[in-house]
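Colleague: Below is the structure I would like to discuss, written out as structure tokens.
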Amino acid sequence: MTDSTALSPAASAPAPARSWWGWGTVDQALSDAECTELGKLIPGAAEAPLPVPEVSTLALPAVRVRPPAALAPLMSAAPHDRASHTYGKAYRDVLRALAGDVGAAPDHVARPRTERHVTDVLDWAAEAGVAVVPYGAGSSVVGGVEYRDGSRRGVVSLDLSALDRVLEIDRVSRAARIQAGALGPGLEAQLRPHGLTLRHFPQSFEFSTLGGWLATRAGGHYATLFTHIDDLVESLRVVTPVGVNESLRLPGSGAGPSPDRLFLGSEGTLGVITEAWMRLQERPRHKASATVLFDDVHTAMDAVRAVAQSGLHPANCRLLDPGEAALAGVARGGESVLVLGVESAHAPVDGRLAELITLARDHGGSPAPAESGGGDTAARTWRSAFLRMPYLRDALARMSVVTETFETACTWDRAPDLYASVRDRLAEVVREVTGAPGTVNCRFTHVYPDGPAPYFTVIAPGRRGAEVAMWDEIKSAAMDLLHDRRATVTHHHAVGRDHRPGYDRQRPEPFALALRAAKRALDPAGILNPGVLIDPATDD
């Protein structure tokens, strides 16, 4: 066996057309009739859905800057490219797109095919005073790919989707060198023939890239242990305006501050991640799942804490409160639902699942009956609803229903108060803002021995034309509530521009000074994703 294998490009089937304005693919979006039926479930929703504008009808701003001839083959100013790269996929992004508001559209979309192309684009942009917004697949829900600064001569969206290959596999060390533009499905398809997997499955898996996961410190499939992409990084290669930063491939190192940690979570403001060596796993062959019902959500929290501290490390450990369980269709009798899953590439997992069920039962849980053959209907129902939810969010947006999700993390000693106070206070805010009661639900997406990551969902009827303002007011109140209770402004959705006010209060000031200094050193012209994380022009 050789130590490493260089790979040939993988053939790929044509992908379904992506939606320019909303989540996912055009063929999966809800029809007008389906939107209307969904809206009937929300008292106060609009009677008819907002129409989806055709790109040809959009009033795109005039192109302000022209690239040099050498870069022209990489650039596109086509209306569809500019419109689809204007925003990410947050609720406020979807509403503005539906309104035909594309005033923030980039002047050009650049699609580099090599790392040198990335360097060339950055060199030109720095000289020309043009902002560059790195773009993976545009699934940001925090304003991470929207240019809002307004002070630059122009803006280029740097779309890395052509850098999508698994370049090399080290089977001995069980790692791979992967280009940053690889989408989740394409990445896994290239690893599958080798019996390996990255096993990182965020909800946006189909529509997000390795570089996006790294730049935002994304959370993935595992509810315990490998919760963040950080845990899977062996080394990074990053193009900055002052040079290429490549860290050594090492299993671990105590040599000073980690160079990788500087760029993990940097959200394209310090450099452009072009490649990474990632730790892989054998593909799991043994899987089992179960659901456990609880009459009391706080008892359920105690059970989840016991699971998180047990050392049994379930791959899935999602706690749904009664509202979230009803929304997902897995329980409608006021129960909280714990979805458990275990997996292994090497040994049967039934015994470990039995231990987890026993632990949950000891804390007041009642296991749901399994199907004949050992299946778990509730777990499958939850997964289906989980993957479908972004499309439903878009449909609700078209019905002028305000839908907001935000996630956080805190230590276990503060979790019960955080859950209760955020739900109660935010329900008051929703009523004040919308004039209707709305709903505030919660689930735990990831759990650690020392605390959970609660993920809140808000649904309330909005007023047509005022949906974005309502969303902004609810978002601001949510950030205040998290700050007041010493919970993080985000667990895995990144900071972007929407979370900046909360992040500015959360980070220590000495660290902010260091971050500003790093920005000045690595991006002296200030062209990379202005307004994300820090803004030296106003923060100095």
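Simple scheme: letters A, B, ... for chains in structure tokens order, numbers from 1 for residues in each chain, numbers from 1 for ligands in the order shown.
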Tell me which protein, DNA and RNA residues are within 9 Å of Phe201 in chain A, counting only C-alpha atoms, leaving out same-chain ones fewer than 3 positions away, and put them as a list in words.

Modeller: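 Here the qualifying residues turn out to be Gly184, Leu198, Ser204, Phe205, Glu206, Gly219, Gly220, His221 and Tyr222 of chain A.
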
Colleague: Name the residues of range 118-190 of chain A that come out as strand (DSSP E) in a backbone DSSP run; write them as JSON, numbers by chain.

Modeller: {"A": [130, 131, 132, 133, 134, 135, 154, 155, 156, 157, 158, 159, 166, 167, 168, 169, 170, 175, 176, 177, 178, 179]}

Colleague: Work out how far apart CA of Arg423 in chain A and CA of Phe456 in chain A are and give it in Å to one decimal.

Modeller: 8.3 Å

Colleague: Please provide the set of residues having any atom within 10 Å of Glu335 in chain A, restricted to only C-alpha atoms, with same-chain residues fewer than 2 positions apart removed, written as number ranges by chain.

Modeller: A: 292-297, 300, 320-326, 330-333, 337-338

Colleague: Would you put the residues from that selection into a file with N, CA and C atoms, as a tab-separated table (two decimals), in the first residue's frame?

Modeller:
```tsv
chain	number	residue	atom	x	y	z
A	292	VAL	N	-37.09	8.45	22.66
A	292	VAL	CA	-37.55	8.33	24.04
A	292	VAL	C	-38.43	9.54	24.34
A	293	LEU	N	-39.59	9.30	24.95
A	293	LEU	CA	-40.55	10.36	25.26
A	293	LEU	C	-40.45	10.75	26.73
A	294	PHE	N	-40.64	12.05	26.99
A	294	PHE	CA	-40.62	12.59	28.35
A	294	PHE	C	-41.83	13.48	28.55
A	295	ASP	N	-42.45	13.35	29.71
A	295	ASP	CA	-43.60	14.18	30.02
A	295	ASP	C	-43.20	15.59	30.42
A	296	ASP	N	-41.95	15.76	30.87
A	296	ASP	CA	-41.49	17.06	31.37
A	296	ASP	C	-40.19	17.41	30.68
A	297	VAL	N	-40.09	18.61	30.11
A	297	VAL	CA	-38.91	18.98	29.34
A	297	VAL	C	-37.67	19.11	30.22
A	300	ALA	N	-36.29	15.79	30.80
A	300	ALA	CA	-35.61	15.40	29.57
A	300	ALA	C	-34.22	16.03	29.50
A	320	LEU	N	-36.05	17.39	21.43
A	320	LEU	CA	-37.07	18.28	20.89
A	320	LEU	C	-38.07	18.62	22.00
A	321	ASP	N	-38.29	19.90	22.26
A	321	ASP	CA	-39.30	20.25	23.25
A	321	ASP	C	-40.68	19.99	22.64
A	322	PRO	N	-41.76	20.10	23.43
A	322	PRO	CA	-43.08	19.72	22.90
A	322	PRO	C	-43.46	20.44	21.61
A	323	GLY	N	-43.18	21.72	21.53
A	323	GLY	CA	-43.52	22.46	20.31
A	323	GLY	C	-42.72	22.00	19.12
A	324	GLU	N	-41.44	21.76	19.32
A	324	GLU	CA	-40.59	21.31	18.22
A	324	GLU	C	-40.96	19.89	17.80
A	325	ALA	N	-41.30	19.05	18.78
A	325	ALA	CA	-41.71	17.67	18.45
A	325	ALA	C	-42.98	17.67	17.63
A	326	ALA	N	-43.92	18.55	17.97
A	326	ALA	CA	-45.16	18.63	17.19
A	326	ALA	C	-44.89	19.17	15.80
A	330	VAL	N	-43.34	14.24	15.25
A	330	VAL	CA	-42.92	13.02	15.95
A	330	VAL	C	-43.66	12.83	17.28
A	331	ALA	N	-44.39	13.84	17.73
A	331	ALA	CA	-45.21	13.70	18.95
A	331	ALA	C	-46.17	14.87	19.01
A	332	ARG	N	-47.41	14.60	19.36
A	332	ARG	CA	-48.41	15.67	19.39
A	332	ARG	C	-49.19	15.69	20.70
A	333	GLY	N	-48.69	14.96	21.71
A	333	GLY	CA	-49.39	14.91	22.98
A	333	GLY	C	-48.74	15.73	24.07
A	337	VAL	N	-39.25	14.91	23.07
A	337	VAL	CA	-38.76	13.72	22.40
A	337	VAL	C	-37.24	13.77	22.29
A	338	LEU	N	-36.60	12.70	22.72
A	338	LEU	CA	-35.16	12.55	22.57
A	338	LEU	C	-34.89	11.55	21.45
```

Colleague: Using only C-alpha atoms, I'd like a table of the residues in range 369-485 of chain A that come within 6 Å of range 39-59 of chain A; for each, show the closest atom pair and its distance in Å rounded to one decimal, ordered by chain and ascending number, as CSV.

Modeller:
```
residue,atom,partner,partner_atom,distance
A:Arg398,CA,A:Leu50,CA,4.8
A:Met399,CA,A:Pro49,CA,4.7
A:Ser400,CA,A:Ala46,CA,5.9
A:Val401,CA,A:Ala45,CA,5.8
A:Pro461,CA,A:Ala45,CA,5.1
```

Colleague: Between A:Ala525, A:Val430, A:Val272, A:Ala128, which is the closest to Arg66 in chain A once you count only C-alpha atoms?

Modeller: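 Nearest candidate to Arg66 in chain A out of A:Ala525, A:Val430, A:Val272, A:Ala128: A:Ala128.
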
Colleague: I'd like the neighbourhood of Ala180 in chain A as a ChimeraX atom specification, where a residue qualifies if any of its atoms comes within 10 Å (using only C-alpha atoms), though same-chain residues fewer than 2 positions away should be ignored.

Modeller: /A:136,160-166,177-178,182-183,187,209-215,236-238,272-276

Colleague: Mind dumping the selected residues with N, CA and C atoms as a compact mmCIF listing (two decimals), in the first residue's frame?

Modeller:
```
# COMPACT_ATOMS: atom_id res chain seq x y z
N GLY A 136 -18.92 30.22 -1.00
CA GLY A 136 -18.86 28.78 -1.20
C GLY A 136 -20.04 28.30 -2.01
N LEU A 160 -16.01 29.83 -5.31
CA LEU A 160 -14.97 28.80 -5.35
C LEU A 160 -15.47 27.45 -5.82
N SER A 161 -16.66 27.41 -6.40
CA SER A 161 -17.29 26.13 -6.70
C SER A 161 -16.52 25.30 -7.72
N ALA A 162 -15.65 25.91 -8.53
CA ALA A 162 -14.87 25.13 -9.50
C ALA A 162 -13.70 24.41 -8.84
N LEU A 163 -13.34 24.80 -7.65
CA LEU A 163 -12.26 24.12 -6.90
C LEU A 163 -12.92 23.06 -6.03
N ASP A 164 -13.29 21.94 -6.64
CA ASP A 164 -14.20 20.99 -5.99
C ASP A 164 -13.66 19.57 -5.92
N ARG A 165 -12.37 19.38 -6.00
CA ARG A 165 -11.82 18.03 -6.08
C ARG A 165 -11.20 17.55 -4.77
N VAL A 166 -11.30 16.26 -4.54
CA VAL A 166 -10.46 15.58 -3.55
C VAL A 166 -9.16 15.29 -4.29
N ARG A 177 -6.60 15.48 1.12
CA ARG A 177 -6.40 16.89 0.74
C ARG A 177 -7.54 17.26 -0.20
N ILE A 178 -8.34 18.22 0.22
CA ILE A 178 -9.60 18.51 -0.48
C ILE A 178 -9.66 20.00 -0.80
N ALA A 182 -15.51 22.12 -2.74
CA ALA A 182 -16.24 20.85 -2.85
C ALA A 182 -17.53 20.90 -2.04
N LEU A 183 -18.64 20.68 -2.72
CA LEU A 183 -19.93 20.55 -2.04
C LEU A 183 -19.98 19.24 -1.26
N LEU A 187 -18.06 15.81 -2.42
CA LEU A 187 -16.93 15.41 -1.57
C LEU A 187 -17.09 13.95 -1.14
N THR A 209 -20.14 24.11 1.15
CA THR A 209 -18.84 23.60 0.74
C THR A 209 -17.91 23.40 1.93
N LEU A 210 -16.86 22.64 1.68
CA LEU A 210 -15.85 22.45 2.72
C LEU A 210 -15.28 23.79 3.18
N GLY A 211 -14.96 24.66 2.22
CA GLY A 211 -14.42 25.96 2.61
C GLY A 211 -15.39 26.77 3.44
N GLY A 212 -16.67 26.70 3.09
CA GLY A 212 -17.68 27.39 3.89
C GLY A 212 -17.77 26.82 5.29
N TRP A 213 -17.70 25.50 5.41
CA TRP A 213 -17.75 24.88 6.75
C TRP A 213 -16.58 25.35 7.59
N LEU A 214 -15.39 25.40 6.97
CA LEU A 214 -14.20 25.80 7.71
C LEU A 214 -14.24 27.27 8.09
N ALA A 215 -14.65 28.10 7.16
CA ALA A 215 -14.66 29.54 7.40
C ALA A 215 -15.70 29.95 8.43
N LEU A 236 -4.51 23.59 6.96
CA LEU A 236 -5.21 24.48 6.02
C LEU A 236 -4.21 25.15 5.09
N ARG A 237 -4.71 25.47 3.90
CA ARG A 237 -3.97 26.31 2.96
C ARG A 237 -4.87 27.50 2.63
N VAL A 238 -4.36 28.71 2.88
CA VAL A 238 -5.17 29.92 2.78
C VAL A 238 -4.41 30.95 1.95
N VAL A 272 -8.60 33.55 1.93
CA VAL A 272 -9.48 32.65 1.20
C VAL A 272 -8.95 31.23 1.35
N ILE A 273 -9.69 30.38 2.04
CA ILE A 273 -9.29 28.99 2.21
C ILE A 273 -9.44 28.29 0.85
N THR A 274 -8.34 27.68 0.37
CA THR A 274 -8.38 27.01 -0.93
C THR A 274 -8.28 25.50 -0.83
N GLU A 275 -7.61 25.00 0.22
CA GLU A 275 -7.46 23.56 0.41
C GLU A 275 -7.38 23.25 1.90
N ALA A 276 -7.66 22.00 2.23
CA ALA A 276 -7.47 21.54 3.60
C ALA A 276 -7.18 20.05 3.60
```

Colleague: Under the rule that only C-alpha atoms are counted, which of A:Ala72, A:Gly103, A:Ser84, A:Val447 is the nearest residue to Arg148 in chain A?

Modeller: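 When distances to Arg148 in chain A are compared using only C-alpha atoms, the smallest one comes from A:Gly103.
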
Colleague: Please identify which residues in range 63-118 of chain A DSSP calls alpha helix (DSSP H) from the backbone, and express them as a list in words.

Modeller: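 The alpha helix (DSSP H) residues within range 63-118 of chain A come out as Pro79, His80, Asp81, Arg82, Ala83, Ser84, Tyr91, Arg92, Asp93, Val94, Leu95, Arg96, Ala97, Leu98, Glu115, Arg116, His117 and Val118 of chain A.
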
Colleague: Since we have the selection now, will you write its residues out, keeping N, CA, C and O atoms, as a PDB file, in the first residue's frame?

Modeller:
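out_3.pdb written:
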```pdb
ATOM      1  N   PRO A  79     -26.945  38.614 -15.407  1.00  0.00           N
ATOM      2  CA  PRO A  79     -27.951  38.936 -14.393  1.00  0.00           C
ATOM      3  C   PRO A  79     -28.212  37.803 -13.401  1.00  0.00           C
ATOM      4  O   PRO A  79     -28.316  38.045 -12.193  1.00  0.00           O
ATOM      5  N   HIS A  80     -28.332  36.561 -13.886  1.00  0.00           N
ATOM      6  CA  HIS A  80     -28.621  35.459 -12.974  1.00  0.00           C
ATOM      7  C   HIS A  80     -27.474  35.250 -11.997  1.00  0.00           C
ATOM      8  O   HIS A  80     -27.697  35.010 -10.786  1.00  0.00           O
ATOM      9  N   ASP A  81     -26.235  35.346 -12.464  1.00  0.00           N
ATOM     10  CA  ASP A  81     -25.090  35.185 -11.573  1.00  0.00           C
ATOM     11  C   ASP A  81     -25.071  36.279 -10.515  1.00  0.00           C
ATOM     12  O   ASP A  81     -24.865  36.015  -9.322  1.00  0.00           O
ATOM     13  N   ARG A  82     -25.271  37.501 -10.930  1.00  0.00           N
ATOM     14  CA  ARG A  82     -25.242  38.620  -9.975  1.00  0.00           C
ATOM     15  C   ARG A  82     -26.385  38.514  -8.971  1.00  0.00           C
ATOM     16  O   ARG A  82     -26.185  38.707  -7.761  1.00  0.00           O
ATOM     17  N   ALA A  83     -27.592  38.205  -9.447  1.00  0.00           N
ATOM     18  CA  ALA A  83     -28.745  38.111  -8.549  1.00  0.00           C
ATOM     19  C   ALA A  83     -28.570  36.977  -7.547  1.00  0.00           C
ATOM     20  O   ALA A  83     -28.838  37.138  -6.339  1.00  0.00           O
ATOM     21  N   SER A  84     -28.110  35.823  -8.007  1.00  0.00           N
ATOM     22  CA  SER A  84     -28.007  34.655  -7.114  1.00  0.00           C
ATOM     23  C   SER A  84     -26.856  34.767  -6.124  1.00  0.00           C
ATOM     24  O   SER A  84     -26.808  34.002  -5.170  1.00  0.00           O
ATOM     25  N   TYR A  91     -33.768  34.504   6.416  1.00  0.00           N
ATOM     26  CA  TYR A  91     -35.148  34.928   6.178  1.00  0.00           C
ATOM     27  C   TYR A  91     -35.180  36.308   5.527  1.00  0.00           C
ATOM     28  O   TYR A  91     -35.906  36.542   4.550  1.00  0.00           O
ATOM     29  N   ARG A  92     -34.390  37.237   6.061  1.00  0.00           N
ATOM     30  CA  ARG A  92     -34.399  38.600   5.514  1.00  0.00           C
ATOM     31  C   ARG A  92     -33.844  38.617   4.090  1.00  0.00           C
ATOM     32  O   ARG A  92     -34.234  39.460   3.274  1.00  0.00           O
ATOM     33  N   ASP A  93     -32.939  37.685   3.763  1.00  0.00           N
ATOM     34  CA  ASP A  93     -32.430  37.584   2.402  1.00  0.00           C
ATOM     35  C   ASP A  93     -33.535  37.138   1.443  1.00  0.00           C
ATOM     36  O   ASP A  93     -33.695  37.685   0.348  1.00  0.00           O
ATOM     37  N   VAL A  94     -34.268  36.121   1.866  1.00  0.00           N
ATOM     38  CA  VAL A  94     -35.351  35.587   1.032  1.00  0.00           C
ATOM     39  C   VAL A  94     -36.415  36.651   0.788  1.00  0.00           C
ATOM     40  O   VAL A  94     -36.879  36.831  -0.354  1.00  0.00           O
ATOM     41  N   LEU A  95     -36.794  37.394   1.827  1.00  0.00           N
ATOM     42  CA  LEU A  95     -37.832  38.420   1.661  1.00  0.00           C
ATOM     43  C   LEU A  95     -37.389  39.530   0.730  1.00  0.00           C
ATOM     44  O   LEU A  95     -38.160  40.005  -0.115  1.00  0.00           O
ATOM     45  N   ARG A  96     -36.138  39.951   0.849  1.00  0.00           N
ATOM     46  CA  ARG A  96     -35.662  41.029  -0.030  1.00  0.00           C
ATOM     47  C   ARG A  96     -35.562  40.548  -1.474  1.00  0.00           C
ATOM     48  O   ARG A  96     -35.848  41.301  -2.414  1.00  0.00           O
ATOM     49  N   ALA A  97     -35.153  39.296  -1.650  1.00  0.00           N
ATOM     50  CA  ALA A  97     -35.110  38.753  -3.007  1.00  0.00           C
ATOM     51  C   ALA A  97     -36.509  38.677  -3.598  1.00  0.00           C
ATOM     52  O   ALA A  97     -36.729  39.024  -4.773  1.00  0.00           O
ATOM     53  N   LEU A  98     -37.485  38.223  -2.803  1.00  0.00           N
ATOM     54  CA  LEU A  98     -38.861  38.159  -3.291  1.00  0.00           C
ATOM     55  C   LEU A  98     -39.395  39.542  -3.651  1.00  0.00           C
ATOM     56  O   LEU A  98     -40.226  39.686  -4.553  1.00  0.00           O
ATOM     57  N   GLU A 115      -5.737  27.893  -7.801  1.00  0.00           N
ATOM     58  CA  GLU A 115      -5.361  28.779  -6.695  1.00  0.00           C
ATOM     59  C   GLU A 115      -4.716  30.047  -7.223  1.00  0.00           C
ATOM     60  O   GLU A 115      -4.879  31.131  -6.646  1.00  0.00           O
ATOM     61  N   ARG A 116      -3.961  29.942  -8.300  1.00  0.00           N
ATOM     62  CA  ARG A 116      -3.342  31.139  -8.876  1.00  0.00           C
ATOM     63  C   ARG A 116      -4.399  32.141  -9.311  1.00  0.00           C
ATOM     64  O   ARG A 116      -4.214  33.369  -9.181  1.00  0.00           O
ATOM     65  N   HIS A 117      -5.510  31.651  -9.815  1.00  0.00           N
ATOM     66  CA  HIS A 117      -6.598  32.556 -10.179  1.00  0.00           C
ATOM     67  C   HIS A 117      -7.089  33.336  -8.957  1.00  0.00           C
ATOM     68  O   HIS A 117      -7.402  34.528  -9.058  1.00  0.00           O
ATOM     69  N   VAL A 118      -7.180  32.666  -7.816  1.00  0.00           N
ATOM     70  CA  VAL A 118      -7.585  33.344  -6.580  1.00  0.00           C
ATOM     71  C   VAL A 118      -6.606  34.473  -6.268  1.00  0.00           C
ATOM     72  O   VAL A 118      -7.004  35.606  -5.965  1.00  0.00           O
TER      73      VAL A 118
END
```

Colleague: Find the residue from A:Gly364, A:Ala99, A:Arg192, A:Arg431 that sits nearest to Arg464 in chain A; use only C-alpha atoms when measuring.

Modeller: A:Ala99

Colleague: Quick one: pull the distance between CA of Ala478 in chain A and CA of Gly438 in chain A, Å, one decimal.

Modeller: 14.9 Å

Colleague: Taking only C-alpha atoms into account, name the residue in A:Val141, A:Ala62, A:Met301, A:Ala306 that is nearest to Gly88 in chain A.

Modeller: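 Smallest distance to Gly88 in chain A is found for A:Val141.
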
Colleague: Please provide the set of residues having any atom within 7 Å of Met470 in chain A, restricted to only C-alpha atoms, with same-chain residues fewer than 4 positions apart removed, written as a list in words.

Modeller: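 The contact residues come out as Val433, Ala466 and Ile474 of chain A.
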
Colleague: Find the spatial neighbours of Ala315 in chain A, counting only C-alpha atoms, within a cut-off of 8 Å - ignore same-chain residues fewer than 4 positions away - and output them as JSON, numbers by chain.

Modeller: {"A": [221, 222, 223, 224, 340, 341, 342, 343]}

Colleague: Residues as selected, N, CA, C and O atoms, written as a PDB file, in the first residue's frame, can you do that?

Modeller:
```pdb
ATOM      1  N   HIS A 221     -23.036  16.536  11.627  1.00  0.00           N
ATOM      2  CA  HIS A 221     -23.896  15.394  11.948  1.00  0.00           C
ATOM      3  C   HIS A 221     -23.815  14.987  13.417  1.00  0.00           C
ATOM      4  O   HIS A 221     -24.827  14.672  14.041  1.00  0.00           O
ATOM      5  N   TYR A 222     -22.622  14.961  13.950  1.00  0.00           N
ATOM      6  CA  TYR A 222     -22.452  14.402  15.290  1.00  0.00           C
ATOM      7  C   TYR A 222     -22.982  15.340  16.366  1.00  0.00           C
ATOM      8  O   TYR A 222     -22.629  16.518  16.420  1.00  0.00           O
ATOM      9  N   ALA A 223     -23.817  14.801  17.235  1.00  0.00           N
ATOM     10  CA  ALA A 223     -24.323  15.574  18.363  1.00  0.00           C
ATOM     11  C   ALA A 223     -23.331  15.590  19.510  1.00  0.00           C
ATOM     12  O   ALA A 223     -23.391  16.457  20.384  1.00  0.00           O
ATOM     13  N   THR A 224     -22.426  14.620  19.546  1.00  0.00           N
ATOM     14  CA  THR A 224     -21.369  14.574  20.559  1.00  0.00           C
ATOM     15  C   THR A 224     -20.042  14.303  19.852  1.00  0.00           C
ATOM     16  O   THR A 224     -20.000  13.888  18.696  1.00  0.00           O
ATOM     17  N   LEU A 340     -32.176   9.424  19.601  1.00  0.00           N
ATOM     18  CA  LEU A 340     -30.839   8.869  19.831  1.00  0.00           C
ATOM     19  C   LEU A 340     -30.393   8.060  18.622  1.00  0.00           C
ATOM     20  O   LEU A 340     -31.195   7.364  17.994  1.00  0.00           O
ATOM     21  N   GLY A 341     -29.115   8.149  18.288  1.00  0.00           N
ATOM     22  CA  GLY A 341     -28.559   7.347  17.218  1.00  0.00           C
ATOM     23  C   GLY A 341     -27.117   6.980  17.514  1.00  0.00           C
ATOM     24  O   GLY A 341     -26.372   7.780  18.087  1.00  0.00           O
ATOM     25  N   VAL A 342     -26.739   5.765  17.173  1.00  0.00           N
ATOM     26  CA  VAL A 342     -25.357   5.312  17.339  1.00  0.00           C
ATOM     27  C   VAL A 342     -24.906   4.661  16.045  1.00  0.00           C
ATOM     28  O   VAL A 342     -25.707   4.136  15.277  1.00  0.00           O
ATOM     29  N   GLU A 343     -23.605   4.701  15.787  1.00  0.00           N
ATOM     30  CA  GLU A 343     -23.071   4.121  14.568  1.00  0.00           C
ATOM     31  C   GLU A 343     -21.623   3.717  14.782  1.00  0.00           C
ATOM     32  O   GLU A 343     -20.928   4.252  15.654  1.00  0.00           O
TER      33      GLU A 343
END
```

Colleague: Leaving out Met278 in chain A and any residue of its chain fewer than 5 positions from it, which residues lie within 6 Å of it when counting only C-alpha atoms, given as a list of chain:residue names?

Modeller: A:Ala175, A:Ala176, A:Leu232, A:Val233, A:Glu234

Colleague: Using only C-alpha atoms, which of A:Thr227, A:Thr299, A:Ser235, A:Ser19 sits nearest Gly138 in chain A?

Modeller: A:Ser19

Colleague: Please measure the separation of CA of Val142 in chain A and CA of Ala90 in chain A, giving the value in Å to one decimal.

Modeller: 6.2 Å
